[in-house]
file final.tsv (TSV, N, CA and C atoms)
chain	number	residue	atom	x	y	z
A	1	MET	N	81.25	78.42	109.52
A	1	MET	CA	80.56	77.81	108.41
A	1	MET	C	81.56	76.99	107.60
A	2	ARG	N	81.23	75.76	107.37
A	2	ARG	CA	82.05	74.91	106.50
A	2	ARG	C	81.66	75.22	105.06
A	3	MET	N	82.62	75.59	104.27
A	3	MET	CA	82.34	76.08	102.92
A	3	MET	C	82.57	74.99	101.88
A	4	THR	N	81.55	74.15	101.71
A	4	THR	CA	81.55	73.15	100.65
A	4	THR	C	80.60	73.62	99.56
A	5	TYR	N	80.62	72.97	98.43
A	5	TYR	CA	79.70	73.33	97.36
A	5	TYR	C	78.26	73.27	97.86
A	6	GLU	N	77.91	72.19	98.55
A	6	GLU	CA	76.54	72.00	99.03
A	6	GLU	C	76.16	73.07	100.06
A	7	SER	N	77.06	73.36	100.99
A	7	SER	CA	76.73	74.37	102.02
A	7	SER	C	76.59	75.75	101.41
A	8	MET	N	77.36	76.05	100.40
A	8	MET	CA	77.28	77.38	99.79
A	8	MET	C	76.03	77.50	98.91
A	9	MET	N	75.55	76.41	98.33
A	9	MET	CA	74.29	76.47	97.60
A	9	MET	C	73.13	76.70	98.58
A	10	ARG	N	73.19	76.06	99.74
A	10	ARG	CA	72.18	76.31	100.78
A	10	ARG	C	72.28	77.75	101.28
A	11	PHE	N	73.50	78.24	101.42
A	11	PHE	CA	73.71	79.62	101.83
A	11	PHE	C	73.01	80.57	100.85
A	12	ALA	N	73.18	80.33	99.55
A	12	ALA	CA	72.56	81.18	98.53
A	12	ALA	C	71.04	81.17	98.69
A	13	GLU	N	70.46	80.00	98.91
A	13	GLU	CA	69.01	79.89	99.12
A	13	GLU	C	68.58	80.64	100.37
A	14	ASP	N	69.34	80.48	101.45
A	14	ASP	CA	69.02	81.18	102.70
A	14	ASP	C	69.17	82.69	102.55
A	15	TRP	N	70.16	83.12	101.80
A	15	TRP	CA	70.40	84.54	101.55
A	15	TRP	C	69.18	85.15	100.85
A	16	ILE	N	68.71	84.47	99.82
A	16	ILE	CA	67.51	84.93	99.10
A	16	ILE	C	66.32	84.98	100.05
A	17	ALA	N	66.12	83.93	100.85
A	17	ALA	CA	64.98	83.88	101.78
A	17	ALA	C	65.07	85.01	102.81
A	18	SER	N	66.26	85.30	103.30
A	18	SER	CA	66.44	86.39	104.27
A	18	SER	C	66.05	87.73	103.67
A	19	TRP	N	66.47	87.98	102.44
A	19	TRP	CA	66.08	89.22	101.78
A	19	TRP	C	64.57	89.29	101.57
A	20	ASN	N	63.97	88.17	101.18
A	20	ASN	CA	62.53	88.17	100.96
A	20	ASN	C	61.74	88.42	102.25
A	21	ARG	N	62.33	88.08	103.39
A	21	ARG	CA	61.73	88.41	104.69
A	21	ARG	C	62.08	89.83	105.14
A	22	ARG	N	62.94	90.49	104.36
A	22	ARG	CA	63.46	91.83	104.69
A	22	ARG	C	64.21	91.80	106.02
A	23	ASP	N	64.92	90.71	106.24
A	23	ASP	CA	65.63	90.48	107.50
A	23	ASP	C	67.10	90.87	107.35
A	24	VAL	N	67.36	92.16	107.47
A	24	VAL	CA	68.72	92.68	107.32
A	24	VAL	C	69.67	92.04	108.32
A	25	ASP	N	69.22	91.82	109.54
A	25	ASP	CA	70.09	91.22	110.56
A	25	ASP	C	70.55	89.82	110.15
A	26	ALA	N	69.66	89.04	109.53
A	26	ALA	CA	70.04	87.70	109.07
A	26	ALA	C	71.08	87.78	107.95
A	27	VAL	N	70.93	88.74	107.05
A	27	VAL	CA	71.91	88.90	105.97
A	27	VAL	C	73.25	89.36	106.54
A	28	LEU	N	73.21	90.29	107.48
A	28	LEU	CA	74.44	90.81	108.08
A	28	LEU	C	75.15	89.81	108.98
A	29	ALA	N	74.44	88.80	109.46
A	29	ALA	CA	75.00	87.87	110.45
A	29	ALA	C	76.27	87.18	109.96
A	30	HIS	N	76.42	86.99	108.67
A	30	HIS	CA	77.60	86.29	108.16
A	30	HIS	C	78.73	87.23	107.76
A	31	TYR	N	78.55	88.54	107.98
A	31	TYR	CA	79.57	89.52	107.61
A	31	TYR	C	80.61	89.70	108.72
A	32	ALA	N	81.85	89.87	108.32
A	32	ALA	CA	82.91	90.30	109.24
A	32	ALA	C	82.70	91.78	109.54
A	33	GLU	N	83.12	92.23	110.71
A	33	GLU	CA	82.95	93.64	111.10
A	33	GLU	C	83.60	94.59	110.10
A	34	GLU	N	84.73	94.22	109.55
A	34	GLU	CA	85.49	95.10	108.65
A	34	GLU	C	85.18	94.84	107.17
A	35	ALA	N	84.07	94.18	106.87
A	35	ALA	CA	83.71	93.84	105.50
A	35	ALA	C	83.53	95.09	104.64
A	36	GLU	N	83.73	94.90	103.35
A	36	GLU	CA	83.52	95.96	102.37
A	36	GLU	C	82.39	95.53	101.44
A	37	PHE	N	81.54	96.48	101.05
A	37	PHE	CA	80.45	96.19	100.14
A	37	PHE	C	80.37	97.30	99.11
A	38	VAL	N	80.23	96.91	97.83
A	38	VAL	CA	80.17	97.87	96.73
A	38	VAL	C	78.85	97.68	96.00
A	39	SER	N	78.15	98.80	95.78
A	39	SER	CA	76.89	98.76	95.06
A	39	SER	C	76.64	100.09	94.39
A	40	PRO	N	76.26	100.08	93.10
A	40	PRO	CA	75.94	101.34	92.45
A	40	PRO	C	74.71	102.00	93.07
A	41	VAL	N	73.80	101.23	93.63
A	41	VAL	CA	72.60	101.77	94.25
A	41	VAL	C	72.93	102.53	95.53
A	42	ALA	N	73.96	102.09	96.24
A	42	ALA	CA	74.34	102.76	97.49
A	42	ALA	C	74.65	104.23	97.27
A	43	GLY	N	75.19	104.57	96.11
A	43	GLY	CA	75.47	105.98	95.81
A	43	GLY	C	74.22	106.84	95.85
A	44	ASN	N	73.10	106.29	95.39
A	44	ASN	CA	71.83	107.03	95.40
A	44	ASN	C	71.21	107.09	96.79
A	45	VAL	N	71.53	106.14	97.65
A	45	VAL	CA	70.89	106.05	98.96
A	45	VAL	C	71.72	106.73	100.04
A	46	VAL	N	73.03	106.46	100.08
A	46	VAL	CA	73.87	107.00	101.15
A	46	VAL	C	75.01	107.89	100.64
A	47	GLY	N	75.05	108.15	99.33
A	47	GLY	CA	76.02	109.09	98.80
A	47	GLY	C	77.38	108.54	98.44
A	48	ARG	N	77.59	107.24	98.57
A	48	ARG	CA	78.85	106.62	98.16
A	48	ARG	C	78.58	105.16	97.78
A	49	THR	N	79.37	104.66	96.87
A	49	THR	CA	79.14	103.30	96.35
A	49	THR	C	79.90	102.23	97.12
A	50	THR	N	80.90	102.61	97.89
A	50	THR	CA	81.69	101.64	98.66
A	50	THR	C	81.46	101.87	100.15
A	51	LEU	N	81.04	100.82	100.83
A	51	LEU	CA	80.80	100.86	102.28
A	51	LEU	C	81.89	100.03	102.93
A	52	ARG	N	82.45	100.52	104.03
A	52	ARG	CA	83.69	99.95	104.56
A	52	ARG	C	83.57	99.12	105.83
A	53	ASN	N	82.36	98.92	106.36
A	53	ASN	CA	82.24	98.05	107.53
A	53	ASN	C	80.79	97.60	107.69
A	54	LYS	N	80.59	96.65	108.56
A	54	LYS	CA	79.28	96.04	108.76
A	54	LYS	C	78.22	97.06	109.16
A	55	ALA	N	78.56	98.02	110.00
A	55	ALA	CA	77.60	99.04	110.43
A	55	ALA	C	77.15	99.90	109.25
A	56	GLU	N	78.08	100.33	108.40
A	56	GLU	CA	77.72	101.12	107.22
A	56	GLU	C	76.86	100.32	106.26
A	57	ILE	N	77.19	99.05	106.08
A	57	ILE	CA	76.42	98.19	105.18
A	57	ILE	C	74.98	98.06	105.69
A	58	GLY	N	74.84	97.79	106.98
A	58	GLY	CA	73.50	97.65	107.57
A	58	GLY	C	72.69	98.93	107.46
A	59	ALA	N	73.32	100.07	107.70
A	59	ALA	CA	72.62	101.36	107.61
A	59	ALA	C	72.14	101.60	106.17
A	60	TYR	N	72.98	101.27	105.20
A	60	TYR	CA	72.59	101.42	103.79
A	60	TYR	C	71.40	100.52	103.47
A	61	TRP	N	71.48	99.24	103.84
A	61	TRP	CA	70.40	98.32	103.50
A	61	TRP	C	69.08	98.73	104.15
A	62	ARG	N	69.13	99.18	105.38
A	62	ARG	CA	67.90	99.61	106.06
A	62	ARG	C	67.31	100.85	105.38
A	63	ALA	N	68.16	101.78	105.02
A	63	ALA	CA	67.68	102.99	104.33
A	63	ALA	C	67.10	102.63	102.96
A	64	ALA	N	67.75	101.71	102.26
A	64	ALA	CA	67.26	101.29	100.94
A	64	ALA	C	65.91	100.58	101.07
A	65	LEU	N	65.77	99.70	102.06
A	65	LEU	CA	64.50	98.99	102.24
A	65	LEU	C	63.36	99.94	102.59
A	66	ASP	N	63.67	101.02	103.29
A	66	ASP	CA	62.64	102.02	103.61
A	66	ASP	C	62.06	102.65	102.35
A	67	ARG	N	62.83	102.63	101.26
A	67	ARG	CA	62.40	103.23	99.99
A	67	ARG	C	61.68	102.23	99.08
A	68	ILE	N	61.75	100.95	99.41
A	68	ILE	CA	61.21	99.90	98.53
A	68	ILE	C	60.02	99.23	99.22
A	69	PRO	N	58.81	99.49	98.76
A	69	PRO	CA	57.65	98.90	99.42
A	69	PRO	C	57.56	97.38	99.26
A	70	VAL	N	58.01	96.88	98.12
A	70	VAL	CA	57.95	95.44	97.84
A	70	VAL	C	59.32	95.00	97.34
A	71	LEU	N	59.85	93.94	97.96
A	71	LEU	CA	61.11	93.37	97.53
A	71	LEU	C	60.91	91.87	97.40
A	72	GLU	N	61.26	91.33	96.24
A	72	GLU	CA	61.16	89.88	96.04
A	72	GLU	C	62.32	89.44	95.17
A	73	PHE	N	63.18	88.60	95.74
A	73	PHE	CA	64.30	88.04	95.01
A	73	PHE	C	63.95	86.61	94.61
A	74	THR	N	64.32	86.23	93.39
A	74	THR	CA	64.13	84.86	92.92
A	74	THR	C	65.49	84.34	92.47
A	75	LEU	N	65.94	83.28	93.12
A	75	LEU	CA	67.24	82.71	92.79
A	75	LEU	C	67.21	82.06	91.42
A	76	ASP	N	68.17	82.40	90.59
A	76	ASP	CA	68.37	81.75	89.31
A	76	ASP	C	69.38	80.62	89.50
A	77	HIS	N	70.58	80.98	89.95
A	77	HIS	CA	71.60	79.97	90.24
A	77	HIS	C	72.73	80.62	91.05
A	78	ALA	N	73.61	79.78	91.53
A	78	ALA	CA	74.78	80.26	92.26
A	78	ALA	C	75.99	79.45	91.81
A	79	ALA	N	77.16	80.05	91.91
A	79	ALA	CA	78.40	79.38	91.54
A	79	ALA	C	79.41	79.61	92.67
A	80	TRP	N	80.09	78.54	93.08
A	80	TRP	CA	81.05	78.59	94.18
A	80	TRP	C	82.44	78.28	93.65
A	81	ASP	N	83.39	79.18	93.93
A	81	ASP	CA	84.80	78.97	93.61
A	81	ASP	C	85.52	78.73	94.94
A	82	GLU	N	85.79	77.48	95.22
A	82	GLU	CA	86.39	77.10	96.51
A	82	GLU	C	87.77	77.71	96.70
A	83	ARG	N	88.58	77.73	95.65
A	83	ARG	CA	89.94	78.27	95.75
A	83	ARG	C	89.92	79.74	96.15
A	84	ARG	N	89.03	80.52	95.56
A	84	ARG	CA	88.94	81.95	95.86
A	84	ARG	C	88.00	82.23	97.03
A	85	ARG	N	87.28	81.20	97.52
A	85	ARG	CA	86.24	81.37	98.55
A	85	ARG	C	85.27	82.47	98.12
A	86	GLU	N	84.77	82.28	96.90
A	86	GLU	CA	83.90	83.30	96.30
A	86	GLU	C	82.60	82.66	95.79
A	87	LEU	N	81.50	83.26	96.21
A	87	LEU	CA	80.18	82.81	95.80
A	87	LEU	C	79.55	83.88	94.92
A	88	CYS	N	79.01	83.47	93.79
A	88	CYS	CA	78.29	84.38	92.90
A	88	CYS	C	76.83	83.92	92.87
A	89	VAL	N	75.94	84.81	93.30
A	89	VAL	CA	74.51	84.51	93.34
A	89	VAL	C	73.83	85.32	92.24
A	90	VAL	N	73.20	84.62	91.31
A	90	VAL	CA	72.49	85.26	90.20
A	90	VAL	C	71.00	85.13	90.49
A	91	TYR	N	70.29	86.25	90.41
A	91	TYR	CA	68.89	86.26	90.79
A	91	TYR	C	68.12	87.33	90.04
A	92	THR	N	66.81	87.25	90.13
A	92	THR	CA	65.95	88.32	89.64
A	92	THR	C	65.52	89.13	90.86
A	93	ALA	N	65.69	90.43	90.77
A	93	ALA	CA	65.32	91.32	91.87
A	93	ALA	C	64.04	92.05	91.49
A	94	GLY	N	62.98	91.77	92.24
A	94	GLY	CA	61.74	92.52	92.10
A	94	GLY	C	61.76	93.63	93.14
A	95	LEU	N	61.88	94.85	92.69
A	95	LEU	CA	61.99	96.01	93.58
A	95	LEU	C	60.82	96.94	93.28
A	96	GLY	N	59.77	96.81	94.07
A	96	GLY	CA	58.56	97.56	93.76
A	96	GLY	C	57.98	97.04	92.47
A	97	SER	N	57.76	97.91	91.51
A	97	SER	CA	57.19	97.49	90.22
A	97	SER	C	58.28	97.15	89.20
A	98	GLU	N	59.52	97.31	89.56
A	98	GLU	CA	60.64	97.06	88.65
A	98	GLU	C	61.25	95.68	88.90
A	99	ARG	N	61.62	95.00	87.80
A	99	ARG	CA	62.31	93.72	87.90
A	99	ARG	C	63.61	93.81	87.11
A	100	LYS	N	64.69	93.34	87.74
A	100	LYS	CA	66.01	93.36	87.11
A	100	LYS	C	66.71	92.03	87.35
A	101	ARG	N	67.56	91.66	86.42
A	101	ARG	CA	68.50	90.58	86.67
A	101	ARG	C	69.60	91.18	87.52
A	102	ALA	N	70.10	90.41	88.47
A	102	ALA	CA	71.13	90.91	89.36
A	102	ALA	C	72.09	89.79	89.71
A	103	CYS	N	73.22	90.19	90.23
A	103	CYS	CA	74.25	89.25	90.65
A	103	CYS	C	74.96	89.86	91.85
A	104	GLU	N	75.21	89.03	92.84
A	104	GLU	CA	76.04	89.50	93.94
A	104	GLU	C	77.22	88.54	94.08
A	105	VAL	N	78.40	89.12	94.12
A	105	VAL	CA	79.63	88.36	94.29
A	105	VAL	C	80.07	88.53	95.74
A	106	MET	N	80.25	87.42	96.43
A	106	MET	CA	80.58	87.44	97.86
A	106	MET	C	81.90	86.70	98.07
A	107	GLN	N	82.80	87.32	98.80
A	107	GLN	CA	84.07	86.68	99.12
A	107	GLN	C	84.14	86.46	100.63
A	108	PHE	N	84.64	85.29	101.03
A	108	PHE	CA	84.66	84.87	102.42
A	108	PHE	C	86.09	84.65	102.91
A	109	ASP	N	86.30	84.86	104.22
A	109	ASP	CA	87.60	84.53	104.81
A	109	ASP	C	87.61	83.04	105.18
A	110	VAL	N	88.73	82.56	105.70
A	110	VAL	CA	88.85	81.13	106.01
A	110	VAL	C	87.89	80.69	107.11
A	111	ALA	N	87.41	81.63	107.94
A	111	ALA	CA	86.46	81.31	109.01
A	111	ALA	C	85.02	81.29	108.51
A	112	GLY	N	84.80	81.63	107.24
A	112	GLY	CA	83.45	81.62	106.69
A	112	GLY	C	82.68	82.92	106.85
A	113	ARG	N	83.38	83.99	107.22
A	113	ARG	CA	82.74	85.30	107.33
A	113	ARG	C	82.89	86.03	106.00
A	114	GLN	N	81.84	86.73	105.58
A	114	GLN	CA	81.93	87.48	104.35
A	114	GLN	C	82.78	88.72	104.58
A	115	ILE	N	83.79	88.90	103.74
A	115	ILE	CA	84.70	90.04	103.88
A	115	ILE	C	84.53	91.06	102.76
A	116	ARG	N	83.88	90.65	101.67
A	116	ARG	CA	83.66	91.57	100.55
A	116	ARG	C	82.44	91.13	99.79
A	117	GLY	N	81.68	92.11	99.33
A	117	GLY	CA	80.53	91.84	98.48
A	117	GLY	C	80.41	92.93	97.43
A	118	GLU	N	79.88	92.55	96.29
A	118	GLU	CA	79.61	93.54	95.26
A	118	GLU	C	78.31	93.17	94.57
A	119	ALA	N	77.39	94.11	94.51
A	119	ALA	CA	76.11	93.92	93.85
A	119	ALA	C	76.19	94.50	92.45
A	120	LEU	N	75.76	93.72	91.49
A	120	LEU	CA	75.76	94.12	90.08
A	120	LEU	C	74.35	93.98	89.54
A	121	TYR	N	73.88	95.00	88.86
A	121	TYR	CA	72.49	95.01	88.39
A	121	TYR	C	72.46	95.14	86.87
A	122	GLY	N	71.59	94.35	86.26
A	122	GLY	CA	71.40	94.41	84.83
A	122	GLY	C	70.22	95.29	84.48
A	123	ALA	N	69.85	95.22	83.23
A	123	ALA	CA	68.73	96.02	82.73
A	123	ALA	C	67.42	95.51	83.29
A	124	ALA	N	66.45	96.38	83.32
A	124	ALA	CA	65.10	95.99	83.74
A	124	ALA	C	64.57	94.93	82.79
A	125	ILE	N	63.80	93.99	83.35
A	125	ILE	CA	63.21	92.94	82.51
A	125	ILE	C	61.69	92.96	82.64

call {"tool": "encode", "arguments": {"input": "final.tsv", "output": "structure tokens"}}
result
Amino acid sequence: MRMTYESMMRFAEDWIASWNRRDVDAVLAHYAEEAEFVSPVAGNVVGRTTLRNKAEIGAYWRAALDRIPVLEFTLDHAAWDERRRELCVVYTAGLGSERKRACEVMQFDVAGRQIRGEALYGAAI
């Protein structure tokens, strides 16, 4: 993946669309095998907040989706830091009957694979 401002904005849109389709494989496709993912929600689902590889991340997301009958993400905006190869996606997460502002920070290696992610959740809206 060529990481330009324009390509990363498209990536953010595609990321939102993949989640709205509940397509975990599409979201995982850009992850490196040894990627790390941090989420406070993961602690409630799989018993730990830091996941250390693509398989653990996928297992967490699948287990979490099994608990959420309706998932709808709405992109607010995204910001790309080319020097750090870091994308911040700000969105509204509709999870069942609950809606929250959320942000995911994604860091990429030089080959364009995601090597780290962190999900941050705000108050219900």

call {"tool": "atom_distance", "arguments": {"input": "final.tsv", "atom1": "atom C of Thr74 of chain A", "atom2": "atom C of Asp25 of chain A"}}
result
19.2 Å

call {"tool": "atom_distance", "arguments": {"input": "final.tsv", "atom1": "atom CA of Ala102 of chain A", "atom2": "atom CA of Tyr121 of chain A"}}
result
4.4 Å

call {"tool": "closest_residue", "arguments": {"input": "final.tsv", "among": "A:Ala59, A:Ala119, A:Met8, A:Val46", "to": "Glu86 of chain A", "atoms": "only C-alpha atoms"}}
result
A:Met8

call {"tool": "closest_residue", "arguments": {"input": "final.tsv", "among": "A:Ala93, A:Ala55, A:Ile125, A:Leu87", "to": "Leu71 of chain A", "atoms": "all atoms listed in the file"}}
result
A:Ala93

call {"tool": "closest_residue", "arguments": {"input": "final.tsv", "among": "A:Asp23, A:Asp66, A:Asp109, A:Glu72", "to": "Arg85 of chain A", "atoms": "only C-alpha atoms"}}
result
A:Asp109

call {"tool": "atom_distance", "arguments": {"input": "final.tsv", "atom1": "atom N of Gly58 of chain A", "atom2": "atom C of Asp76 of chain A"}}
result
25.1 Å

call {"tool": "closest_residue", "arguments": {"input": "final.tsv", "among": "A:Leu75, A:Val24, A:Val70, A:Met1", "to": "Leu95 of chain A", "atoms": "only C-alpha atoms"}}
result
A:Val70

call {"tool": "closest_residue", "arguments": {"input": "final.tsv", "among": "A:Trp19, A:Trp61, A:Phe73, A:Phe37", "to": "Gly117 of chain A", "atoms": "all atoms listed in the file"}}
result
A:Phe37

call {"tool": "closest_residue", "arguments": {"input": "final.tsv", "among": "A:Asp14, A:Ile68, A:Ala35, A:Leu120", "to": "Val90 of chain A", "atoms": "only C-alpha atoms"}}
result
A:Leu120

call {"tool": "select_by_dssp", "arguments": {"input": "final.tsv", "residues": "chain A", "states": "alpha helix (DSSP H)", "output": "ChimeraX atom specification"}}
result
/A:5-20,24-28,40-46,54-67

call {"tool": "residues_around", "arguments": {"input": "final.tsv", "residues": "Phe108 of chain A", "least_positions_apart": "3", "cutoff": "6.5 Å", "atoms": "all atoms listed in the file", "output": "list in words"}}
result
Arg84, Arg85, Glu86, Leu87, Ala111, Gly112, Arg113, Gln114, Ile115 and Arg116 of chain A

call {"tool": "residues_around", "arguments": {"input": "final.tsv", "residues": "segment 43-45 of chain A", "least_positions_apart": "5", "cutoff": "7 Å", "atoms": "only N, CA and C atoms", "output": "PyMOL selection string"}}
result
chain A and resi 50+60+63-64

call {"tool": "residues_around", "arguments": {"input": "final.tsv", "residues": "Trp80 of chain A", "least_positions_apart": "5", "cutoff": "10 Å", "atoms": "only C-alpha atoms", "output": "PDB file with N, CA and C atoms, in the frame of the given file"}}
result
ATOM      1  N   MET A   3      82.620  75.590 104.270  1.00  0.00           N
ATOM      2  CA  MET A   3      82.340  76.080 102.920  1.00  0.00           C
ATOM      3  C   MET A   3      82.570  74.990 101.880  1.00  0.00           C
ATOM      4  N   THR A   4      81.550  74.150 101.710  1.00  0.00           N
ATOM      5  CA  THR A   4      81.550  73.150 100.650  1.00  0.00           C
ATOM      6  C   THR A   4      80.600  73.620  99.560  1.00  0.00           C
ATOM      7  N   TYR A   5      80.620  72.970  98.430  1.00  0.00           N
ATOM      8  CA  TYR A   5      79.700  73.330  97.360  1.00  0.00           C
ATOM      9  C   TYR A   5      78.260  73.270  97.860  1.00  0.00           C
ATOM     10  N   GLU A   6      77.910  72.190  98.550  1.00  0.00           N
ATOM     11  CA  GLU A   6      76.540  72.000  99.030  1.00  0.00           C
ATOM     12  C   GLU A   6      76.160  73.070 100.060  1.00  0.00           C
ATOM     13  N   SER A   7      77.060  73.360 100.990  1.00  0.00           N
ATOM     14  CA  SER A   7      76.730  74.370 102.020  1.00  0.00           C
ATOM     15  C   SER A   7      76.590  75.750 101.410  1.00  0.00           C
ATOM     16  N   MET A   8      77.360  76.050 100.400  1.00  0.00           N
ATOM     17  CA  MET A   8      77.280  77.380  99.790  1.00  0.00           C
ATOM     18  C   MET A   8      76.030  77.500  98.910  1.00  0.00           C
ATOM     19  N   MET A   9      75.550  76.410  98.330  1.00  0.00           N
ATOM     20  CA  MET A   9      74.290  76.470  97.600  1.00  0.00           C
ATOM     21  C   MET A   9      73.130  76.700  98.580  1.00  0.00           C
ATOM     22  N   ALA A  12      73.180  80.330  99.550  1.00  0.00           N
ATOM     23  CA  ALA A  12      72.560  81.180  98.530  1.00  0.00           C
ATOM     24  C   ALA A  12      71.040  81.170  98.690  1.00  0.00           C
ATOM     25  N   ARG A  85      87.280  81.200  97.520  1.00  0.00           N
ATOM     26  CA  ARG A  85      86.240  81.370  98.550  1.00  0.00           C
ATOM     27  C   ARG A  85      85.270  82.470  98.120  1.00  0.00           C
ATOM     28  N   GLU A  86      84.770  82.280  96.900  1.00  0.00           N
ATOM     29  CA  GLU A  86      83.900  83.300  96.300  1.00  0.00           C
ATOM     30  C   GLU A  86      82.600  82.660  95.790  1.00  0.00           C
ATOM     31  N   LEU A  87      81.500  83.260  96.210  1.00  0.00           N
ATOM     32  CA  LEU A  87      80.180  82.810  95.800  1.00  0.00           C
ATOM     33  C   LEU A  87      79.550  83.880  94.920  1.00  0.00           C
ATOM     34  N   CYS A  88      79.010  83.470  93.790  1.00  0.00           N
ATOM     35  CA  CYS A  88      78.290  84.380  92.900  1.00  0.00           C
ATOM     36  C   CYS A  88      76.830  83.920  92.870  1.00  0.00           C
ATOM     37  N   VAL A  89      75.940  84.810  93.300  1.00  0.00           N
ATOM     38  CA  VAL A  89      74.510  84.510  93.340  1.00  0.00           C
ATOM     39  C   VAL A  89      73.830  85.320  92.240  1.00  0.00           C
ATOM     40  N   VAL A 105      78.400  89.120  94.120  1.00  0.00           N
ATOM     41  CA  VAL A 105      79.630  88.360  94.290  1.00  0.00           C
ATOM     42  C   VAL A 105      80.070  88.530  95.740  1.00  0.00           C
ATOM     43  N   MET A 106      80.250  87.420  96.430  1.00  0.00           N
ATOM     44  CA  MET A 106      80.580  87.440  97.860  1.00  0.00           C
ATOM     45  C   MET A 106      81.900  86.700  98.070  1.00  0.00           C
ATOM     46  N   GLN A 107      82.800  87.320  98.800  1.00  0.00           N
ATOM     47  CA  GLN A 107      84.070  86.680  99.120  1.00  0.00           C
ATOM     48  C   GLN A 107      84.140  86.460 100.630  1.00  0.00           C
TER      49      GLN A 107
END

call {"tool": "axis_aligned_box", "arguments": {"input": "final.tsv", "around": "segment 74-91 of chain A", "padding_each_side": "5 Å", "output": "AutoDock Vina command-line options"}}
result
--center_x 77.0 --center_y 82.2 --center_z 93.9 --size_x 35.8 --size_y 20.2 --size_z 19.2

call {"tool": "select_by_dssp", "arguments": {"input": "final.tsv", "residues": "segment 14-102 of chain A", "states": "strand (DSSP E)", "output": "JSON, numbers by chain"}}
result
{"A": [31, 32, 33, 34, 35, 36, 37, 38, 50, 51, 71, 72, 73, 74, 75, 76, 77, 78, 79, 80, 81, 86, 87, 88, 89, 90, 91, 92, 93, 94, 95, 98, 99, 100, 101, 102]}

call {"tool": "decode", "arguments": {"input": "final.tsv", "residues": "segment 54-67 of chain A", "atoms": "N, CA and C atoms", "output": "PDB file, in the first residue's frame"}}
result
ATOM      1  N   LYS A  54      -1.863 -11.208  15.027  1.00  0.00           N
ATOM      2  CA  LYS A  54      -3.037 -11.145  14.156  1.00  0.00           C
ATOM      3  C   LYS A  54      -4.089 -12.181  14.542  1.00  0.00           C
ATOM      4  N   ALA A  55      -3.682 -13.383  14.911  1.00  0.00           N
ATOM      5  CA  ALA A  55      -4.637 -14.432  15.284  1.00  0.00           C
ATOM      6  C   ALA A  55      -5.404 -14.037  16.545  1.00  0.00           C
ATOM      7  N   GLU A  56      -4.719 -13.508  17.557  1.00  0.00           N
ATOM      8  CA  GLU A  56      -5.387 -13.076  18.783  1.00  0.00           C
ATOM      9  C   GLU A  56      -6.346 -11.923  18.507  1.00  0.00           C
ATOM     10  N   ILE A  57      -5.931 -10.997  17.650  1.00  0.00           N
ATOM     11  CA  ILE A  57      -6.779  -9.852  17.311  1.00  0.00           C
ATOM     12  C   ILE A  57      -8.057 -10.342  16.629  1.00  0.00           C
ATOM     13  N   GLY A  58      -7.908 -11.224  15.659  1.00  0.00           N
ATOM     14  CA  GLY A  58      -9.067 -11.761  14.947  1.00  0.00           C
ATOM     15  C   GLY A  58     -10.011 -12.517  15.872  1.00  0.00           C
ATOM     16  N   ALA A  59      -9.467 -13.316  16.775  1.00  0.00           N
ATOM     17  CA  ALA A  59     -10.302 -14.071  17.718  1.00  0.00           C
ATOM     18  C   ALA A  59     -11.089 -13.116  18.618  1.00  0.00           C
ATOM     19  N   TYR A  60     -10.436 -12.052  19.075  1.00  0.00           N
ATOM     20  CA  TYR A  60     -11.124 -11.050  19.907  1.00  0.00           C
ATOM     21  C   TYR A  60     -12.258 -10.394  19.121  1.00  0.00           C
ATOM     22  N   TRP A  61     -11.967  -9.927  17.906  1.00  0.00           N
ATOM     23  CA  TRP A  61     -12.996  -9.231  17.133  1.00  0.00           C
ATOM     24  C   TRP A  61     -14.189 -10.133  16.833  1.00  0.00           C
ATOM     25  N   ARG A  62     -13.928 -11.376  16.509  1.00  0.00           N
ATOM     26  CA  ARG A  62     -15.034 -12.310  16.225  1.00  0.00           C
ATOM     27  C   ARG A  62     -15.879 -12.556  17.479  1.00  0.00           C
ATOM     28  N   ALA A  63     -15.216 -12.725  18.609  1.00  0.00           N
ATOM     29  CA  ALA A  63     -15.951 -12.932  19.863  1.00  0.00           C
ATOM     30  C   ALA A  63     -16.760 -11.685  20.224  1.00  0.00           C
ATOM     31  N   ALA A  64     -16.177 -10.518  20.013  1.00  0.00           N
ATOM     32  CA  ALA A  64     -16.885  -9.268  20.314  1.00  0.00           C
ATOM     33  C   ALA A  64     -18.101  -9.097  19.405  1.00  0.00           C
ATOM     34  N   LEU A  65     -17.938  -9.386  18.115  1.00  0.00           N
ATOM     35  CA  LEU A  65     -19.066  -9.253  17.183  1.00  0.00           C
ATOM     36  C   LEU A  65     -20.196 -10.216  17.517  1.00  0.00           C
ATOM     37  N   ASP A  66     -19.866 -11.379  18.048  1.00  0.00           N
ATOM     38  CA  ASP A  66     -20.901 -12.334  18.463  1.00  0.00           C
ATOM     39  C   ASP A  66     -21.793 -11.749  19.558  1.00  0.00           C
ATOM     40  N   ARG A  67     -21.263 -10.792  20.313  1.00  0.00           N
ATOM     41  CA  ARG A  67     -22.011 -10.166  21.416  1.00  0.00           C
ATOM     42  C   ARG A  67     -22.791  -8.927  20.982  1.00  0.00           C
TER      43      ARG A  67
END
